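To be precise, the following lines are my_file_9.cif, and they hold mmCIF, C-alpha atoms.
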data_entry
loop_
_atom_site.label_atom_id
_atom_site.label_comp_id
_atom_site.auth_asym_id
_atom_site.auth_seq_id
_atom_site.Cartn_x
_atom_site.Cartn_y
_atom_site.Cartn_z
CA MET A 28 3.96 11.41 47.52
CA LEU A 29 5.91 9.37 45.00
CA GLU A 30 4.63 6.16 46.58
CA LEU A 31 1.05 7.36 46.18
CA ALA A 32 1.65 8.26 42.54
CA LEU A 33 3.21 4.86 41.85
CA GLY A 34 0.37 3.08 43.61
CA ILE A 35 -2.27 4.92 41.61
CA LEU A 36 -0.34 4.23 38.40
CA LEU A 37 0.04 0.49 38.94
CA GLY A 38 -3.47 0.12 40.31
CA GLY A 39 -4.85 1.99 37.31
CA CYS A 40 -2.99 -0.38 34.99
CA ALA A 41 -4.41 -3.44 36.75
CA VAL A 42 -7.98 -2.09 36.81
CA GLY A 43 -7.68 -1.11 33.16
CA ALA A 44 -6.54 -4.62 32.25
CA GLY A 45 -9.51 -6.08 34.08
CA LEU A 46 -11.91 -3.70 32.37
CA ALA A 47 -10.39 -4.47 28.98
CA MET A 48 -11.25 -8.12 29.42
CA ILE A 49 -14.97 -7.24 29.55
CA ALA A 50 -14.54 -7.44 25.78
CA GLY A 51 -14.59 -11.21 26.26
CA ILE A 52 -18.34 -11.21 26.88
CA GLY A 53 -19.34 -10.29 23.33
CA PRO A 54 -17.41 -12.96 21.44
CA GLY A 55 -18.50 -15.54 24.02
CA ILE A 56 -22.18 -14.89 23.43
CA GLY A 57 -21.72 -14.53 19.69
CA GLU A 58 -19.73 -17.72 19.21
CA GLY A 59 -22.14 -19.61 21.45
CA ASN A 60 -25.01 -18.51 19.23
CA ALA A 61 -23.10 -19.45 16.10
CA VAL A 62 -22.26 -22.94 17.37
CA ALA A 63 -25.83 -23.49 18.58
CA LYS A 64 -27.20 -22.63 15.15
CA ALA A 65 -24.57 -24.79 13.47
CA CYS A 66 -25.63 -27.72 15.67
CA GLU A 67 -29.25 -27.12 14.66
CA ALA A 68 -28.28 -27.02 11.01
CA ILE A 69 -26.29 -30.25 11.28
CA GLY A 70 -29.20 -31.88 13.10
CA ARG A 71 -31.52 -30.89 10.30
CA GLN A 72 -29.16 -31.85 7.47
CA PRO A 73 -26.47 -34.23 8.72
CA GLU A 74 -25.01 -34.64 5.22
CA SER A 75 -23.92 -30.97 5.13
CA LYS A 76 -21.78 -31.33 8.26
CA GLY A 77 -18.46 -30.49 6.59
CA ASP A 78 -19.65 -27.29 4.94
CA VAL A 79 -21.49 -26.07 8.03
CA THR A 80 -18.51 -26.75 10.28
CA SER A 81 -16.00 -24.92 8.11
CA THR A 82 -18.31 -21.94 7.68
CA MET A 83 -18.94 -21.86 11.42
CA ILE A 84 -15.24 -21.93 12.21
CA THR A 85 -14.56 -19.03 9.85
CA GLY A 86 -17.40 -17.06 11.41
CA CYS A 87 -16.13 -17.83 14.90
CA ILE A 88 -12.67 -16.61 13.95
CA ILE A 89 -14.03 -13.29 12.74
CA ALA A 90 -16.23 -12.92 15.81
CA GLU A 91 -13.29 -13.66 18.07
CA THR A 92 -11.28 -10.68 16.83
CA THR A 93 -12.80 -8.07 19.15
CA GLY A 94 -12.21 -10.26 22.16
CA LEU A 95 -8.61 -10.70 21.16
CA TYR A 96 -8.14 -6.95 20.84
CA GLY A 97 -9.26 -6.68 24.45
CA LEU A 98 -6.93 -9.49 25.43
CA VAL A 99 -3.91 -7.91 23.74
CA ILE A 100 -4.63 -4.58 25.42
CA ALA A 101 -4.92 -6.33 28.80
CA ILE A 102 -1.60 -8.12 28.25
CA LEU A 103 0.08 -4.87 27.26
CA LEU A 104 -1.36 -3.09 30.30
CA ILE A 105 -0.07 -5.76 32.66
CA PHE A 106 3.33 -6.55 31.22
CA VAL A 107 4.47 -3.57 29.13
CA ALA A 108 2.67 -0.41 30.21
CA PRO A 109 3.67 -0.14 33.91
CA LYS A 110 7.38 0.06 33.11
CA GLN A 111 6.90 2.78 30.52
CA PHE A 112 4.47 4.75 32.67
CA VAL A 113 6.84 4.63 35.62
CA ASN A 114 9.63 5.88 33.35
CA ILE A 115 7.44 8.76 32.17
CA LEU A 116 6.54 9.60 35.76
CA MET A 117 10.19 9.60 36.83
CA GLU A 118 11.11 11.83 33.91
CA THR A 119 8.40 14.36 34.73
CA ILE A 120 9.44 14.43 38.37
CA GLY A 121 13.03 14.88 37.24
CA LYS A 122 14.74 11.94 38.95
CA MET B 22 23.81 -53.27 -0.92
CA ASN B 23 26.03 -50.28 -1.36
CA LYS B 24 23.13 -48.34 -2.82
CA LYS B 25 20.88 -49.23 0.08
CA SER B 26 23.37 -48.23 2.74
CA ARG B 27 23.91 -44.93 0.95
CA PHE B 28 20.15 -44.36 0.96
CA VAL B 29 19.98 -44.97 4.69
CA ALA B 30 22.95 -42.67 5.27
CA VAL B 31 21.27 -39.83 3.37
CA ASP B 32 18.11 -40.48 5.38
CA ILE B 33 19.99 -40.16 8.64
CA LEU B 34 21.66 -36.97 7.44
CA LEU B 35 18.32 -35.41 6.50
CA LEU B 36 16.73 -36.34 9.83
CA ALA B 37 19.75 -34.92 11.64
CA GLY B 38 19.34 -31.72 9.62
CA ALA B 39 15.74 -31.50 10.80
CA ILE B 40 16.48 -32.15 14.47
CA LEU B 41 19.85 -30.45 14.98
CA PRO B 42 18.68 -26.80 14.57
CA LEU B 43 16.07 -27.31 17.28
CA VAL B 44 18.62 -28.98 19.57
CA ALA B 45 21.01 -26.09 18.87
CA CYS B 46 18.28 -23.64 19.90
CA MET B 47 17.73 -25.53 23.15
CA VAL B 48 21.45 -25.56 23.91
CA LEU B 49 21.69 -21.85 23.12
CA LYS B 50 18.80 -21.13 25.45
CA ILE B 51 20.24 -23.22 28.27
CA LEU B 52 23.62 -21.52 27.91
CA THR B 53 22.36 -17.93 27.73
CA ALA B 54 19.15 -17.86 29.79
CA PRO B 55 19.68 -16.04 33.09
CA PRO B 56 18.82 -18.08 36.19
CA THR B 57 15.34 -17.33 37.50
CA GLU B 58 13.72 -18.03 40.82
CA GLY B 59 10.30 -19.58 40.61
CA ILE B 60 7.99 -18.75 37.76
CA GLU B 61 8.33 -15.62 35.67
CA ILE B 62 6.61 -14.30 32.61
CA THR B 63 9.09 -12.62 30.30
CA GLY B 64 9.31 -11.80 26.62
CA ALA B 65 11.81 -13.33 24.22
CA LEU B 66 15.43 -13.37 25.35
CA ILE B 67 17.71 -10.98 23.51
CA TYR B 68 20.81 -12.85 22.39
CA PHE B 69 22.74 -9.87 21.03
CA THR B 70 22.13 -6.55 19.29
CA LEU B 71 23.38 -5.74 15.82
CA PRO B 72 24.52 -2.16 15.34
CA THR B 73 22.75 -0.76 12.26
CA PRO B 74 22.87 2.84 10.99
CA LEU B 75 19.26 3.61 11.95
CA GLN B 76 19.00 2.01 15.36
CA PRO B 77 20.39 -1.10 17.09
CA LEU B 78 18.67 -4.27 15.94
CA PRO B 79 18.14 -6.82 18.69
CA ILE B 80 18.40 -10.46 17.63
CA THR B 81 15.95 -12.24 19.89
CA GLU B 82 15.16 -15.82 20.71
CA ALA B 83 12.01 -15.60 18.58
CA GLN B 84 13.95 -14.74 15.42
CA VAL B 85 16.56 -17.44 16.00
CA ASN B 86 13.87 -20.03 16.73
CA SER B 87 11.87 -19.14 13.65
CA VAL B 88 14.93 -19.52 11.45
CA ALA B 89 15.59 -22.89 13.09
CA VAL B 90 12.00 -23.91 12.31
CA VAL B 91 12.45 -22.90 8.68
CA ILE B 92 15.59 -25.05 8.40
CA ALA B 93 13.86 -27.96 10.15
CA ILE B 94 10.90 -27.75 7.77
CA LEU B 95 13.24 -27.71 4.79
CA PHE B 96 14.95 -30.91 5.93
CA ILE B 97 11.64 -32.57 6.84
CA CYS B 98 10.39 -31.88 3.31
CA LEU B 99 13.63 -33.25 1.86
CA TYR B 100 13.25 -36.35 4.03
CA PHE B 101 9.67 -36.93 2.95
CA THR B 102 10.50 -36.54 -0.73
CA HIS B 103 13.69 -38.61 -0.58
CA GLY B 104 13.41 -41.69 -2.76
CA LEU B 105 10.21 -40.81 -4.61
CA THR B 106 9.08 -43.47 -7.06
CA VAL B 107 6.15 -43.77 -9.45
CA ARG B 108 4.84 -46.74 -7.48
CA PRO B 109 5.20 -45.77 -3.82
CA HIS B 110 7.01 -48.40 -1.81
CA LEU B 111 7.90 -46.15 1.14
CA LYS B 112 5.46 -45.11 3.85
CA ARG B 113 6.74 -41.55 3.83
CA GLN B 114 5.83 -41.10 0.17
CA VAL B 115 2.23 -42.04 0.97
CA ILE B 116 2.20 -39.49 3.80
CA ALA B 117 3.72 -36.79 1.59
CA GLU B 118 1.21 -37.46 -1.16
CA TRP B 119 -1.61 -37.33 1.36
CA ILE B 120 -0.40 -33.92 2.64
CA VAL B 121 -0.10 -32.50 -0.88
CA GLU B 122 -3.52 -33.79 -1.86
CA LYS B 123 -5.17 -32.36 1.26
CA CYS B 124 -3.59 -28.95 0.67
CA LYS B 125 -4.63 -28.87 -2.96
CA ASN B 126 -8.16 -29.86 -1.98
CA MET B 127 -8.34 -27.14 0.64
CA VAL B 128 -7.08 -24.45 -1.71
CA HIS B 129 -9.45 -25.63 -4.43
CA THR B 130 -12.51 -25.48 -2.19
CA ASN B 131 -11.57 -22.15 -0.59
CA MET B 132 -10.03 -20.20 -3.47
CA GLY B 133 -11.18 -21.87 -6.66
CA GLU B 134 -9.41 -23.01 -9.79
CA ARG B 135 -7.89 -19.58 -10.54
CA PHE B 136 -5.64 -19.68 -7.45
CA MET B 137 -4.39 -23.27 -7.52
CA GLY B 138 -0.83 -21.95 -7.68
CA PHE B 139 -1.23 -20.84 -4.09
CA ALA B 140 -1.29 -24.40 -2.73
CA PRO B 141 2.46 -24.56 -1.90
CA PHE B 142 2.40 -21.12 -0.29
CA ILE B 143 -0.59 -21.96 1.88
CA ALA B 144 0.96 -25.28 2.89
CA ALA B 145 4.23 -23.54 3.73
CA ILE B 146 2.62 -20.86 5.86
CA MET B 147 0.51 -23.48 7.64
CA GLY B 148 3.48 -25.75 8.37
CA LEU B 149 5.60 -22.83 9.54
CA SER B 150 2.90 -21.57 11.87
CA ALA B 151 2.06 -25.02 13.24
CA LEU B 152 5.66 -26.01 13.90
CA SER B 153 6.46 -22.61 15.41
CA SER B 154 3.60 -22.96 17.87
CA LEU B 155 4.56 -26.55 18.70
CA LEU B 156 8.07 -25.41 19.67
CA SER B 157 6.72 -24.68 23.15
CA LEU B 158 6.55 -28.45 23.67
CA LEU B 159 10.35 -28.49 23.60
CA GLY B 160 10.55 -25.78 26.21
CA LEU B 161 11.59 -23.19 23.66
CA PHE B 162 10.02 -19.80 23.16
CA PRO B 163 7.39 -20.23 20.42
CA PRO B 164 8.08 -17.58 17.75
CA THR B 165 4.35 -17.13 17.17
CA SER B 166 3.95 -15.61 20.63
CA ASP B 167 6.19 -12.74 19.53
CA MET B 168 4.31 -9.96 17.80
CA ASN B 169 7.15 -9.16 15.38
CA ILE B 170 7.25 -12.58 13.72
CA VAL B 171 3.50 -12.85 13.20
CA ALA B 172 3.27 -9.24 12.05
CA GLY B 173 5.86 -10.08 9.40
CA TRP B 174 3.71 -12.90 8.06
CA ALA B 175 0.61 -10.70 8.19
CA ILE B 176 2.36 -7.97 6.21
CA LEU B 177 3.44 -10.55 3.63
CA VAL B 178 -0.16 -11.71 3.26
CA PHE B 179 -1.35 -8.09 3.09
CA THR B 180 1.10 -7.42 0.25
CA LEU B 181 -0.30 -10.39 -1.64
CA ILE B 182 -3.88 -9.22 -1.10
CA THR B 183 -3.04 -5.74 -2.38
CA PHE B 184 -1.17 -7.20 -5.35
CA TYR B 185 -4.21 -9.19 -6.40
CA LYS B 186 -6.48 -6.19 -5.88
CA PHE B 187 -4.20 -4.23 -8.21
CA LYS B 188 -4.78 -6.73 -11.00
CA ALA B 189 -7.77 -4.73 -12.17
CA GLY B 190 -5.66 -1.60 -12.59
CA PRO B 191 -4.77 1.23 -10.19
CA ILE B 192 -7.86 3.28 -11.01
CA GLN B 193 -10.14 0.40 -10.24
CA TYR B 194 -8.20 -0.18 -7.01
CA LEU B 195 -8.72 3.40 -5.89
CA LYS B 196 -12.34 3.23 -6.95
CA SER B 197 -12.88 0.20 -4.74
CA TYR B 198 -12.37 2.44 -1.71
CA ALA B 199 -15.34 4.59 -2.70
CA GLU B 200 -17.74 1.66 -2.56
CA PRO B 201 -20.67 1.72 -1.98
CA VAL B 202 -20.73 5.51 -1.47
CA PRO B 203 -17.72 7.84 -1.64
CA PHE B 204 -18.05 9.32 1.84
CA LEU B 205 -17.44 5.87 3.36
CA ALA B 206 -13.86 5.94 2.06
CA PRO B 207 -12.26 6.51 5.50
CA MET B 208 -14.09 3.45 6.80
CA ASN B 209 -12.82 1.37 3.89
CA ILE B 210 -9.25 2.53 4.50
CA ILE B 211 -9.53 1.63 8.19
CA SER B 212 -10.89 -1.81 7.40
CA GLU B 213 -8.08 -2.31 4.89
CA ILE B 214 -5.48 -1.53 7.55
CA ALA B 215 -7.33 -3.64 10.10
CA THR B 216 -6.80 -6.78 8.03
CA PRO B 217 -3.09 -7.36 8.78
CA VAL B 218 -3.46 -5.97 12.30
CA SER B 219 -6.26 -8.35 13.18
CA MET B 220 -4.47 -11.31 11.58
CA ALA B 221 -1.31 -10.64 13.57
CA PHE B 222 -3.15 -9.94 16.83
CA ARG B 223 -5.30 -13.03 16.50
CA HIS B 224 -2.41 -15.44 16.08
CA TYR B 225 -0.15 -13.76 18.60
CA GLY B 226 -2.87 -13.21 21.20
CA ASN B 227 -4.06 -16.80 21.14
CA ILE B 228 -0.62 -18.38 21.54
CA LEU B 229 0.62 -15.84 24.08
CA SER B 230 -2.54 -16.03 26.21
CA GLY B 231 -2.26 -19.83 26.20
CA SER B 232 1.31 -19.74 27.48
CA ILE B 233 0.49 -17.07 30.09
CA ILE B 234 -2.47 -19.08 31.39
CA SER B 235 -0.29 -22.22 31.57
CA VAL B 236 2.34 -20.35 33.59
CA LEU B 237 -0.25 -18.82 35.92
CA ILE B 238 -1.86 -22.20 36.55
CA ALA B 239 1.51 -23.81 37.22
CA ALA B 240 2.27 -21.05 39.75
CA ALA B 241 -1.14 -21.41 41.37
CA LEU B 242 -0.74 -25.18 41.65
CA GLY B 243 2.63 -24.67 43.34
CA GLY B 244 1.01 -22.38 45.90
CA LEU B 245 -1.88 -24.77 46.41
CA SER B 246 0.34 -27.76 47.04
CA ASN B 247 2.31 -25.65 49.50
CA LEU B 248 -0.93 -24.91 51.31
CA VAL B 249 -2.34 -28.43 51.28
CA LEU B 250 0.79 -30.57 51.66
CA GLY B 251 2.99 -28.06 53.50
CA TRP B 252 2.71 -29.99 56.79
CA LEU B 253 4.78 -32.91 55.41
CA PRO B 254 8.25 -33.03 56.94
CA GLY B 255 11.42 -31.89 55.22
CA ILE B 256 11.74 -31.76 51.45
CA LEU B 257 8.38 -33.51 50.99
CA GLY B 258 6.64 -30.37 52.26
CA GLU B 259 8.48 -28.09 49.88
CA PHE B 260 8.06 -30.19 46.76
CA PRO B 261 5.07 -29.04 44.63
CA PHE B 262 3.34 -32.39 44.10
CA LEU B 263 0.22 -30.91 42.52
CA ARG B 264 2.35 -29.47 39.73
CA ILE B 265 3.00 -32.97 38.40
CA GLY B 266 0.74 -33.99 35.56
CA ILE B 267 -2.08 -31.46 35.88
CA PRO B 268 -0.47 -28.72 33.71
CA ALA B 269 0.14 -31.37 31.03
CA VAL B 270 -3.61 -31.72 30.46
CA LEU B 271 -3.90 -27.97 29.89
CA SER B 272 -0.85 -28.05 27.67
CA LEU B 273 -2.71 -30.54 25.49
CA TYR B 274 -5.23 -27.79 24.74
CA PHE B 275 -3.12 -24.65 24.86
CA ASP B 276 0.01 -25.92 23.15
CA ILE B 277 -1.16 -28.59 20.72
CA PHE B 278 -4.81 -27.96 19.88
CA SER B 279 -4.70 -24.17 19.99
CA GLY B 280 -1.45 -23.98 18.05
CA LEU B 281 -2.66 -26.24 15.26
CA LEU B 282 -6.04 -24.49 15.13
CA GLN B 283 -4.37 -21.09 14.83
CA ALA B 284 -2.21 -22.37 11.97
CA PHE B 285 -5.32 -23.60 10.19
CA ILE B 286 -7.11 -20.32 10.85
CA PHE B 287 -4.21 -18.23 9.58
CA ALA B 288 -4.10 -20.26 6.37
CA THR B 289 -7.88 -20.09 5.94
CA LEU B 290 -7.93 -16.34 6.43
CA THR B 291 -5.07 -15.92 3.96
CA MET B 292 -7.01 -17.84 1.35
CA MET B 293 -10.25 -16.01 2.08
CA TYR B 294 -8.74 -12.55 1.93
CA ILE B 295 -6.75 -13.18 -1.25
CA SER B 296 -9.56 -14.81 -3.19
CA GLY B 297 -12.20 -12.51 -1.68
CA GLY B 298 -10.33 -9.31 -2.51
CA TYR B 299 -9.66 -10.38 -6.08
CA PRO B 300 -12.03 -8.36 -8.30
CA ALA B 301 -12.78 -11.10 -10.84
CA GLU B 302 -15.37 -9.16 -12.84
CA ALA B 303 -13.29 -6.02 -13.13
CA VAL B 304 -10.24 -8.02 -14.20
CA ALA B 305 -12.29 -9.83 -16.82
CA LYS B 306 -13.62 -6.49 -18.09
CA ARG B 307 -10.11 -5.05 -18.22
CA LEU B 308 -8.79 -8.04 -20.14
CA ALA B 309 -11.74 -7.85 -22.56
CA ARG B 310 -11.08 -4.14 -23.13
CA ARG B 311 -7.42 -4.84 -23.82
CA GLU B 312 -8.36 -7.58 -26.23
CA ALA B 313 -10.76 -5.24 -28.02
CA LYS B 314 -8.07 -2.56 -28.28
CA LYS B 315 -5.61 -5.04 -29.70
CA GLN B 316 -8.12 -6.24 -32.27
CA ALA B 317 -8.91 -2.66 -33.27
CA LYS B 318 -5.22 -1.99 -33.73
CA THR B 319 -4.69 -5.04 -35.89
CA ALA B 320 -7.76 -4.12 -37.90
CA LYS B 321 -6.33 -0.62 -38.47
CA GLN B 322 -3.02 -2.03 -39.56
CA ALA B 323 -4.79 -4.40 -41.90
CA GLU B 324 -6.62 -1.41 -43.43
CA LYS B 325 -3.35 0.38 -44.05
#
Could you take the file, read its structure, and then write that structure out as structure tokens?
Amino acid sequence: MLELALGILLGGCAVGAGLAMIAGIGPGIGEGNAVAKACEAIGRQPESKGDVTSTMITGCIIAETTGLYGLVIAILLIFVAPKQFVNILMETIGK
Amino acid sequence: MNKKSRFVAVDILLLAGAILPLVACMVLKILTAPPTEGIEITGALIYFTLPTPLQPLPITEAQVNSVAVVIAILFICLYFTHGLTVRPHLKRQVIAEWIVEKCKNMVHTNMGERFMGFAPFIAAIMGLSALSSLLSLLGLFPPTSDMNIVAGWAILVFTLITFYKFKAGPIQYLKSYAEPVPFLAPMNIISEIATPVSMAFRHYGNILSGSIISVLIAAALGGLSNLVLGWLPGILGEFPFLRIGIPAVLSLYFDIFSGLLQAFIFATLTMMYISGGYPAEAVAKRLARREAKKQAKTAKQAEK
């Protein structure tokens, strides 16, 4: 029974980490759009390259945040959470 | 002659001061790191724990490394500014002047004339972040991939942001939460707290994910070379040939480019948040009101 519980626990952590990384889709699409538009703008007005690039980078940074939240949660689920969850499980069982 | 040799001696001392802390960190790591088999992903090593009244305080590799980086930066700055003259005759003075000029330019374009005093702070935070991330090239644990270090910087920046928001007076500061409509105040509070959290997570997540991906790829290449070249006899079959060279290309992106970009981003965000949160109009109004009060007072006294 304990083996089953541990298996479900660790498997749940791994699946959760994978699901958390779905958050990477949004920033990918968003940053792609931003860079595409920046390229268009530079093509139209090559002299404004510096301004457009710095603004684009700032925008990309902000857009990246949500993806990074997902990433941090995935990292925590893989490397930190299993140990703590196993400890909680052992405490509840009373071992 | 005597003067020149003394100059060179001071130069050597300063360079040694910049390099020795990092070497000391490497030696410390080699001496204390437990032997591992194969490739492992672990957090920072804990060197020792200090007993404090509240709870034991672990001194980790990340803290020691970041202090070493601070000392190294101090000596690098001393080296670059050693022997400054009005007419530069040393290459390093030209480099130092270039760095200072670039930083001042960046702060001027991003924050405006009002915040020119921030140029040294921004340069310091950028250099600290960049050098901390580049420590992974020496095989040391980069302090920026530890949440605690980056969270400390983020809290420092958050304190500065709040300080500059307070310039318009505490009432104005509280009022700024009720913008544009009062019932959005919880949202404003959440977004205020999210600023340091997102800054810390961004820096830490980028550097840590880079190092984790590098380790995973190195492990995968080891397995692949075992699969492809495993039929070779003796030690040739066991040696991971594919692990030579290929991870270095990735390290070029994950360690150098990503680390420097994150330093730039952290500095840019610091500048944006500080200058963006500064309520210029309200501060101007407050100063004008004070001035008016003072003038009224002096006028009253003159009447008496």
Note to self: Using all atoms listed in the file, which protein or nucleic acid residues come within 12 Å of Gly59 in chain A? Drop anything in the same chain fewer than 5 positions from it, and give the result as a PyMOL selection string.
What the structure shows: chain A and resi 52-54+64-66+83-84+86-87+90-91
Item checked: Answer key for the PyMOL selection byres ((chain B) within 8 of (chain A)), residues as a PyMOL selection string -> chain B and resi 219+222-223+226-227+230+286+289-290
Check: Between A:Val79, A:Leu116, A:Leu29, A:Ile105, which one has atoms that come closest to Ile62 in chain B, using only C-alpha atoms?
Finding: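 Smallest distance to Ile62 in chain B is found for A:Ile105.
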Margin query: Residues near Leu43 in chain B, anyone? I mean within 12 Å using all atoms listed in the file, not counting same-chain ones fewer than 2 positions away, as a ChimeraX atom specification.
Written below: /B:36-41,45-50,85-94,96,152-153,155-163
Next item on the list: Report the distance between CA of Lys125 in chain B and CA of Ala140 in chain B in Å, rounded to one decimal place.
Entry: 5.6 Å
Item checked: One-decimal distance in Å that lies between CA of Tyr68 in chain B and CA of Leu35 in chain B ->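 Computed distance, CA of Leu35 in chain B to CA of Tyr68 in chain B, equals 27.7 Å.
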Item checked: Between CA of Gly244 in chain B and CA of Thr53 in chain B - distance in Å to one decimal ->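 Separation between CA of Thr53 in chain B and CA of Gly244 in chain B: 28.4 Å.
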For Glu30 in chain A: contacts at 12 Å, all atoms listed in the file, fewer than 3 positions along chain excluded, given as a PDB file with C-alpha atoms, in the coordinates of the input:
ATOM      1  CA  LEU A  33       3.210   4.860  41.850  1.00  0.00           C
ATOM      2  CA  GLY A  34       0.370   3.080  43.610  1.00  0.00           C
ATOM      3  CA  ILE A  35      -2.270   4.920  41.610  1.00  0.00           C
ATOM      4  CA  LEU A  36      -0.340   4.230  38.400  1.00  0.00           C
ATOM      5  CA  LEU A  37       0.040   0.490  38.940  1.00  0.00           C
ATOM      6  CA  GLY A  38      -3.470   0.120  40.310  1.00  0.00           C
ATOM      7  CA  VAL A 113       6.840   4.630  35.620  1.00  0.00           C
ATOM      8  CA  LEU A 116       6.540   9.600  35.760  1.00  0.00           C
ATOM      9  CA  MET A 117      10.190   9.600  36.830  1.00  0.00           C
TER      10      MET A 117
END
Item checked: Pick from B:Ala199, B:Val304, B:Ile295, B:Ala288 nearest to Ile143 in chain B, counting all atoms listed in the file -> B:Ala288
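The residues returned by the PyMOL selection byres ((chain B and resi 197) around 12) for this structure are B:Thr183, B:Lys186, B:Phe187, B:Ala189, B:Gly190, B:Pro191, B:Ile192, B:Gln193, B:Tyr194, B:Leu195, B:Lys196, B:Tyr198, B:Ala199, B:Glu200, B:Pro201, B:Val202, B:Pro203, B:Leu205, B:Ala206, B:Asn209, B:Ile210, B:Glu213, B:Gly298, B:Tyr299, B:Pro300, B:Ala303.
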Next item on the list: Write out as a list in words each polymer residue whose atoms come within 12 Å of Ile116 in chain B, counting all atoms listed in the file; drop sequence neighbours fewer than 4 positions from it.
Entry: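 Listing them by chain and then by number gives Cys98, Tyr100, Phe101, Thr102, Leu105, Pro109, His110, Leu111, Lys112, Ile120, Val121, Glu122 and Lys123 of chain B.
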Residues from last step as file, C-alpha atoms, as a CSV table (one decimal), keeping the file's coordinate frame:
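Full text of out_11.csv as output:
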chain,number,residue,atom,x,y,z
B,98,CYS,CA,10.4,-31.9,3.3
B,100,TYR,CA,13.2,-36.4,4.0
B,101,PHE,CA,9.7,-36.9,3.0
B,102,THR,CA,10.5,-36.5,-0.7
B,105,LEU,CA,10.2,-40.8,-4.6
B,109,PRO,CA,5.2,-45.8,-3.8
B,110,HIS,CA,7.0,-48.4,-1.8
B,111,LEU,CA,7.9,-46.2,1.1
B,112,LYS,CA,5.5,-45.1,3.8
B,120,ILE,CA,-0.4,-33.9,2.6
B,121,VAL,CA,-0.1,-32.5,-0.9
B,122,GLU,CA,-3.5,-33.8,-1.9
B,123,LYS,CA,-5.2,-32.4,1.3
Per-axis box centre and lengths in Å around range 113-120 of chain A, 4 Å margin per side, axis-aligned, as lines of an AutoDock Vina configuration file:
center_x = 8.8
center_y = 9.5
center_z = 35.3
size_x = 12.6
size_y = 17.8
size_z = 14.2
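Distance check against Pro268 in chain B using only C-alpha atoms: of B:Leu242, B:Cys124, B:Thr291, B:Gly251, the minimum falls on B:Leu242.
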